[in-house]
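Visitor: Can you read through this structure? Questions will come right after.
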Amino acid sequence: MRKAYVNNNIKLNEFDALIRITVEMSKYLYPYIREILKSKEDIEENPVIWNDFNKRFIELINERFNIDSIRVKKLLNQAENNEIIIKSLLILSFCISNKGYQKLKNFLYDF
Amino acid sequence: MIQNKLSFHQSSASLEIIGLPDYSNNENKDQISIISKWKLTIVDKPLIEGKIEHLGPIMDAFYIYSNLLIKNEIPIYESKLIDIKADNLHIHNIVLKSSKPNVKPLVLKIGNSLLSDTINCFDQLNESPKVRIKKTDITTNIPKNLRFGFYKKVKFFNIFIPPFIAICSLILFSSSFIYFYSPFENIDKKEQINP
């Protein structure tokens with residue numbers, strides 16, 4: 001999905017390290033994640049945070065991902081990407097505890 | 001006797017546990033093993049409180065529902081004590097049924113932010129070394145197709161792994177006794193007997 005010419009498979013220890021970094025980042029960013037989710041809940045009253053987040057998300061996808069891929073196109077489509085974004089934010093917000101690493105790993109294996 | 005009180009907070013939700021240590025297990029004074037009461041406070045929502053036998057099932061309901069929410073499009077959790085249904089992707093409908101007769105169920109609508117706050121409070125409680133919760137059995141009505149989704153991987157391995165291991169061990173064991181028939185050896189022997 002990423003813009004890359006070399007297809008390297010991720011190693012298990014690299015995958016573990018990425019999960020640990022993601023959990024630590026989501027602990028730190030939980031107040032922001034929560035506000036984004038809250039903004040989407042009452043989008044008519046408070047649309048600014050959600051719109052800013054969505055705009056930046058699409059900018060980053062355009063910048064770093066291979067936009068010719070069908071899966072990436074799905075991420076860019078605003079009608080379809082809402083569910084993916086909300087579920088991803090929810091997963092991150094559920095994994096901020098001390099056992100968040102194990103939780104996130106389980107979520108990813110079950111996906 | 002003065003009861004211990006422990007609170008777990010996460011943004012708009014807070015969980016309070018009131019109880020006593022189990023002195024028969026030589027526990028510390030500040031430990032809680034015998035929970036007498038718990039209170040879950042969510043901002044702008046009615047207070048939820050109950051006895052120890054309600055806490056385990058309610059926590060399990062939230063955990064199972066959050067898993068269903070992530071994995072399925074229409075998550076539903078139903079039990080004798082609590083029902084949780086998703087109105088849409090952002091609003092979750094919680095129905096808390098009272099164990100007392102003639103008491104109307106309490107209906108709450110919470111968003112994703114409050115749901116994650118509540119689950120994080122439960123996580124803090126689970127991870128707290130000062131509280132020990134005994135797990136209780138619960139009866140749930142999770143749709144059958146979802147249950148199959150949960151267990152199908154486990155069932156698949158349970159069915160196929162034991163015979164596979166048995167066949168492998170038979171092959172390994174019998175290979176140590178294997179005898180390769182060599183026709184040239186037999187011809188030589190026959191020639192020695194009848195020259």
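Following the order of the structure tokens, chains are lettered A, B, ..., residues in each are numbered from 1, and ligands are numbered from 1.
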If the cut-off is 8 Å, can you tell me the residues of chain B near chain A, counting only C-alpha atoms? I'd like them as a list in words.
Guide: Ile70, Lys71, Leu89, His90, Ile91, Gly111, Asn112, Ser113, Ser116, Ile119, Asn120, Asp123, Gln124 and Glu127 of chain B
Visitor: Please produce a file of those selected residues containing C-alpha atoms, as a compact mmCIF listing (two decimals), in the first residue's frame.
Guide:
```txt
# COMPACT_ATOMS: atom_id res chain seq x y z
CA ILE B 70 -14.45 -3.63 16.07
CA LYS B 71 -14.97 -6.91 14.25
CA LEU B 89 -21.35 3.73 14.35
CA HIS B 90 -21.23 6.48 16.98
CA ILE B 91 -24.06 5.85 19.45
CA GLY B 111 -20.91 7.71 22.26
CA ASN B 112 -17.58 6.17 21.27
CA SER B 113 -15.64 8.58 23.51
CA SER B 116 -13.64 4.05 25.48
CA ILE B 119 -13.47 0.48 29.09
CA ASN B 120 -10.30 2.22 30.20
CA ASP B 123 -8.85 -1.82 32.41
CA GLN B 124 -7.42 0.20 35.30
CA GLU B 127 -4.73 -4.08 36.35
```
Visitor: Could you pull the residues within 10 Å of region 38-48 of chain B, counting only C-alpha atoms, minus those fewer than 4 positions along the same chain, as number ranges by chain?
Guide: B: 5-19, 52, 54-55, 96, 106-110, 114-115, 117-118, 121-122
Visitor: CA of Asn62 (chain A) to CA of Tyr32 (chain A): how many Å, to one decimal?
Guide: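 Result for CA of Asn62 (chain A) versus CA of Tyr32 (chain A): 22.6 Å, one decimal.
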Visitor: Which of these residues is nearest to Asn54 (chain A), using only C-alpha atoms: A:Leu76, A:Asn106, A:Asn13, A:Tyr101?
Guide: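 Once distances to Asn54 (chain A) are computed over only C-alpha atoms, the minimum belongs to A:Leu76.
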Visitor: Write out as a list in words each polymer residue whose atoms come within 10 Å of Ile61 (chain A), counting only C-alpha atoms; drop sequence neighbours fewer than 3 positions from it.
Guide: Met1, Arg2, Lys3, Arg56, Phe57, Ile58, Arg64, Phe65, Asn66, Ile67, Val72, Lys73, Leu75 and Leu76 of chain A
Visitor: Which distance in Å separates CA of Leu60 (chain A) and CA of Lys74 (chain A), to one decimal?
Guide: 14.3 Å
Visitor: Would you please give, as a ChimeraX atom specification, all residues of region 14-152 of chain B that DSSP assigns to alpha helix (DSSP H) based on the backbone?
Guide: /B:52-71,112-127,144-152
Visitor: Write the residues you've just listed into a file as an mmCIF file, in the first residue's frame, and include C-alpha atoms for each of them.
Guide:
```cif
data_model
loop_
_atom_site.group_PDB
_atom_site.id
_atom_site.type_symbol
_atom_site.label_atom_id
_atom_site.label_comp_id
_atom_site.auth_asym_id
_atom_site.auth_seq_id
_atom_site.Cartn_x
_atom_site.Cartn_y
_atom_site.Cartn_z
ATOM 1 C CA ILE B 52 -20.194 -7.396 43.281
ATOM 2 C CA GLU B 53 -22.223 -10.021 41.384
ATOM 3 C CA HIS B 54 -23.214 -7.338 38.868
ATOM 4 C CA LEU B 55 -19.746 -5.869 38.298
ATOM 5 C CA GLY B 56 -18.169 -8.896 36.583
ATOM 6 C CA PRO B 57 -21.013 -9.418 34.072
ATOM 7 C CA ILE B 58 -21.164 -5.689 33.273
ATOM 8 C CA MET B 59 -17.401 -5.529 32.684
ATOM 9 C CA ASP B 60 -17.555 -8.646 30.519
ATOM 10 C CA ALA B 61 -20.468 -7.143 28.571
ATOM 11 C CA PHE B 62 -18.460 -4.012 27.783
ATOM 12 C CA TYR B 63 -15.384 -6.012 26.768
ATOM 13 C CA ILE B 64 -17.308 -8.437 24.545
ATOM 14 C CA TYR B 65 -19.310 -5.601 22.990
ATOM 15 C CA SER B 66 -16.165 -3.576 22.239
ATOM 16 C CA ASN B 67 -14.659 -6.621 20.508
ATOM 17 C CA LEU B 68 -17.834 -7.131 18.468
ATOM 18 C CA LEU B 69 -17.897 -3.442 17.589
ATOM 19 C CA ILE B 70 -14.449 -3.626 16.069
ATOM 20 C CA LYS B 71 -14.969 -6.906 14.247
ATOM 21 C CA ASN B 112 -17.584 6.174 21.274
ATOM 22 C CA SER B 113 -15.644 8.579 23.514
ATOM 23 C CA LEU B 114 -17.610 7.582 26.631
ATOM 24 C CA LEU B 115 -17.427 3.914 25.688
ATOM 25 C CA SER B 116 -13.637 4.052 25.482
ATOM 26 C CA ASP B 117 -13.472 6.015 28.782
ATOM 27 C CA THR B 118 -15.569 3.330 30.501
ATOM 28 C CA ILE B 119 -13.474 0.481 29.086
ATOM 29 C CA ASN B 120 -10.297 2.224 30.197
ATOM 30 C CA CYS B 121 -11.715 2.546 33.732
ATOM 31 C CA PHE B 122 -12.390 -1.215 33.717
ATOM 32 C CA ASP B 123 -8.853 -1.819 32.407
ATOM 33 C CA GLN B 124 -7.424 0.200 35.296
ATOM 34 C CA LEU B 125 -9.501 -1.833 37.746
ATOM 35 C CA ASN B 126 -8.361 -5.129 36.189
ATOM 36 C CA GLU B 127 -4.730 -4.080 36.347
ATOM 37 C CA LYS B 144 -24.711 -17.757 16.726
ATOM 38 C CA ASN B 145 -22.917 -16.604 13.612
ATOM 39 C CA LEU B 146 -20.735 -14.316 15.774
ATOM 40 C CA ARG B 147 -20.003 -17.110 18.239
ATOM 41 C CA PHE B 148 -18.871 -19.255 15.331
ATOM 42 C CA GLY B 149 -16.591 -16.429 14.290
ATOM 43 C CA PHE B 150 -15.050 -16.378 17.754
ATOM 44 C CA TYR B 151 -14.360 -20.057 18.053
ATOM 45 C CA LYS B 152 -13.928 -21.291 14.487
#
```
Visitor: Per DSSP on the backbone, filter region 4-71 of chain B down to the residues in strand (DSSP E) and report them as a VMD selection string.
Guide: chain B and resid 4 to 10 13 to 20 34 to 42 48 to 50
